[in-house]
Amino acid sequence: MSVDLLVRDAHVYVDRGWEIAHGWVAIKDKRVHSVGKAGEEPTALKAISAHGRLVTPGLINAHHHMYQNLTRSYAPVTNGSLFEWLTGLYPLWAGLTEESVYLSTYIAMTELLMGGCTTSMDHMYVHPKPRLIDAQFRAAADIGFRFYATRGSMTRSVENGGLPPASVVQREDDILDDSIRLVETFHDASPGSMRRLALAPCSLFSVTERIMSESARLADKYDLRLHTHLAEDPEEDTYCAEVYGCTPTEYFERVGWASRRSWVAHFIYPSDDEIGRLAHAGVCATQCPCSNMLIGGGSADVMGLRARGMRVGLGCDGSASTDHASMWLEARTALLLGRYRNGPNSMSARDALDVATRGGAACLGWDDEIGHLRPGACADLVIWSMSDVALAGAHTDPVEAWLRCGPATAGTTIVNGKVLVEEGRPVMTELGDVLREHARHSRRMQCVEA
């Protein structure tokens, strides 16, 4: 029996604790069929030589705001705090349309593929127009990207004690009705799915208690996951104390979110006791190291959280707080932050890779099928590319060299058994047209003349 595709001549990182020097990965019917050592390869309809490079599972982005690449590096807010950054950008995001969301999603997914990401969620919480998430699913289908949308929401405008203007918040019933519509239209929980959906009120200071508790109820009814920002900034503590009379984590527990369904972004400022409680409840967390450093607001202690039993993934977050979508760069920055914080023995490149693969899959509740290359896994993998100059002298450990040297990009990215990046270039023929239209929409939103 022959397989559909064989990636050979590689150092294969199959999963934590399982690597194959001079190995190969065989793909059949959109799944990893088998892995093994050189000389044991099956026959294949097509073969790709990795030329001795590192092959890993596709990286998984567990927190992002794709629409924000329309305001990338927006000068008036680049040096602001989190709340200053948000209030400066909300008026621009009020100009989102279905077309601009399609274009920004298409660009974000393409950029993620070039940085070795094969599955990404997106936290879409600004809805000045209807059916914006529909446009995201359309972009994912056009590319062939494995997409985990989240139906974000905001209800508290400035007039109601929140941060955003009224133009980007919604009525509670409209949010809940649209959440149900999206789940029933798009969510596919079947094995190997290319599209799934979770519920994701933006933050504790931007939605009402009803939205938080009703989202938890709907998640139970439809067997969905839940996502939000939590413990991201000290100002969040002040807000929750004044409005709810408790800490953000205590409020999170009060509205029924402390369960295995939930994963949270950032989780920088919980107490030690709160970490223990959420870890015990099965809540996962996502670190966004580059965004946290650019905002200057601290960053989660990844290895400390893992030591307490919490599964941790990585995310790119959105633009103007971080203006790239390279999961390789996030993994490298996570490694640097971990070692800077806790010493050189505290975190290895393999730890960072595990967070970027298995950790992200755990956040999405999907670690049975993605985040590893064990036989039966979804056929999502990356052949990493780095210049010979950058790798000169790196002979003893290809995984450590992957993050210590660099920069690394995806030479080949395969999603669902299909090559989407080849020789470092996206294969999508429409990309040039999408870039031109994206420029037009982003200039309109930023009031920049062509």
# chains A, B, ... in the order shown; residues from 1 in each chain; ligands from 1
$ closest_atom_pairs --of "stretch 323-388 of chain A" --to "stretch 4-14 of chain A" --cutoff "7 Å" --atoms "only C-alpha atoms" --output "Markdown table"
| residue | atom | partner | partner_atom | distance |
| --- | --- | --- | --- | --- |
| A:His372 | CA | A:Val14 | CA | 5.8 |
| A:Leu373 | CA | A:Val14 | CA | 4.7 |
| A:Arg374 | CA | A:Val14 | CA | 6.1 |
$ closest_atom_pairs --of "stretch 53-107 of chain A" --to "stretch 408-419 of chain A" --cutoff "10 Å" --atoms "only C-alpha atoms" --output "CSV"
residue,atom,partner,partner_atom,distance
A:Arg53,CA,A:Gly411,CA,9.6
A:Val55,CA,A:Thr412,CA,9.4
A:Pro57,CA,A:Ile414,CA,9.5
A:Gly58,CA,A:Thr413,CA,7.6
$ residues_around --residues "A:His127" --least-positions-apart "4" --cutoff "10 Å" --atoms "only C-alpha atoms" --output "list in words"
Trp93, Ala94, Gly95, Leu96, Thr97, Glu98, Arg131, Leu132, Ile133, Arg151, Gly152, Ser153, Met154, Ser167, Val168, Val169, Gln170 and Ile175 of chain A
$ residues_around --residues "stretch 398-404 of chain A" --least-positions-apart "3" --cutoff "9 Å" --atoms "only C-alpha atoms" --output "VMD selection string"
chain A and resid 11 13 53 to 54 328 to 329 331 to 332 335 348 to 350 352 to 353 384 386 391 394 to 395 407 to 408
$ select_by_dssp --residues "stretch 145-255 of chain A" --states "alpha helix (DSSP H)" --output "short mmCIF file (atom, residue, chain, number, x, y, z; two decimals) with C-alpha atoms, in the first residue's frame"
data_model
loop_
_atom_site.label_atom_id
_atom_site.label_comp_id
_atom_site.auth_asym_id
_atom_site.auth_seq_id
_atom_site.Cartn_x
_atom_site.Cartn_y
_atom_site.Cartn_z
CA GLU A 172 -27.24 41.00 25.04
CA ASP A 173 -30.01 39.21 23.14
CA ASP A 174 -28.38 39.96 19.78
CA ILE A 175 -25.11 38.42 21.01
CA LEU A 176 -26.77 35.30 22.34
CA ASP A 177 -28.96 34.83 19.24
CA ASP A 178 -25.98 35.20 16.92
CA SER A 179 -23.91 32.82 19.06
CA ILE A 180 -26.54 30.14 18.59
CA ARG A 181 -26.78 30.86 14.85
CA LEU A 182 -23.01 30.54 14.39
CA VAL A 183 -22.78 27.33 16.38
CA GLU A 184 -25.63 25.71 14.48
CA THR A 185 -24.27 26.92 11.11
CA PHE A 186 -20.52 26.40 11.39
CA GLU A 209 -22.61 39.30 34.10
CA ARG A 210 -25.54 37.91 32.12
CA ILE A 211 -23.40 37.43 29.01
CA MET A 212 -20.75 35.59 31.03
CA SER A 213 -23.21 33.27 32.73
CA GLU A 214 -25.38 32.71 29.63
CA SER A 215 -22.28 31.89 27.57
CA ALA A 216 -21.37 29.24 30.13
CA ARG A 217 -24.91 27.85 29.90
CA LEU A 218 -24.79 27.70 26.09
CA ALA A 219 -21.38 26.03 26.24
CA ASP A 220 -22.89 23.29 28.39
CA LYS A 221 -25.87 22.92 26.05
CA TYR A 222 -23.83 22.73 22.82
CA PRO A 234 -3.52 45.69 37.21
CA GLU A 235 -6.23 48.16 36.11
CA GLU A 236 -8.48 45.12 35.65
CA ASP A 237 -8.12 44.39 39.38
CA THR A 238 -9.16 47.94 40.24
CA TYR A 239 -12.15 47.78 37.90
CA CYS A 240 -13.39 44.43 39.24
CA ALA A 241 -12.99 45.57 42.84
CA GLU A 242 -15.07 48.69 42.19
CA VAL A 243 -17.76 47.07 40.02
CA PRO A 248 -11.06 39.14 38.26
CA THR A 249 -10.44 35.47 39.01
CA GLU A 250 -13.07 35.41 41.75
CA TYR A 251 -15.57 36.94 39.32
CA PHE A 252 -14.55 34.39 36.67
CA GLU A 253 -15.42 31.65 39.15
CA ARG A 254 -18.67 33.34 40.20
#
$ residues_around --residues "A:Leu103" --least-positions-apart "4" --cutoff "8 Å" --atoms "only C-alpha atoms" --output "VMD selection string"
chain A and resid 99 107 139 434 to 435 437 to 438
$ residues_around --residues "stretch 296-303 of chain A" --least-positions-apart "4" --cutoff "9 Å" --atoms "only C-alpha atoms" --output "list in words"
Ser81, Leu82, Glu232, Asp233, Pro234, His266, Phe267, Ile268, Tyr269, Ala285, Thr286, Gln287, Cys288, Pro289, Ser291, Asn292, Ala307, Arg308, Val312, Gly313, Ala334, Leu337, Gly338, Arg341, Asn342, Ser346, Met347, Asp351 and Val355 of chain A
$ closest_residue --among "A:Tyr74, A:Trp24, A:Trp18, A:Phe145" --to "A:Leu89" --atoms "only C-alpha atoms"
A:Tyr74
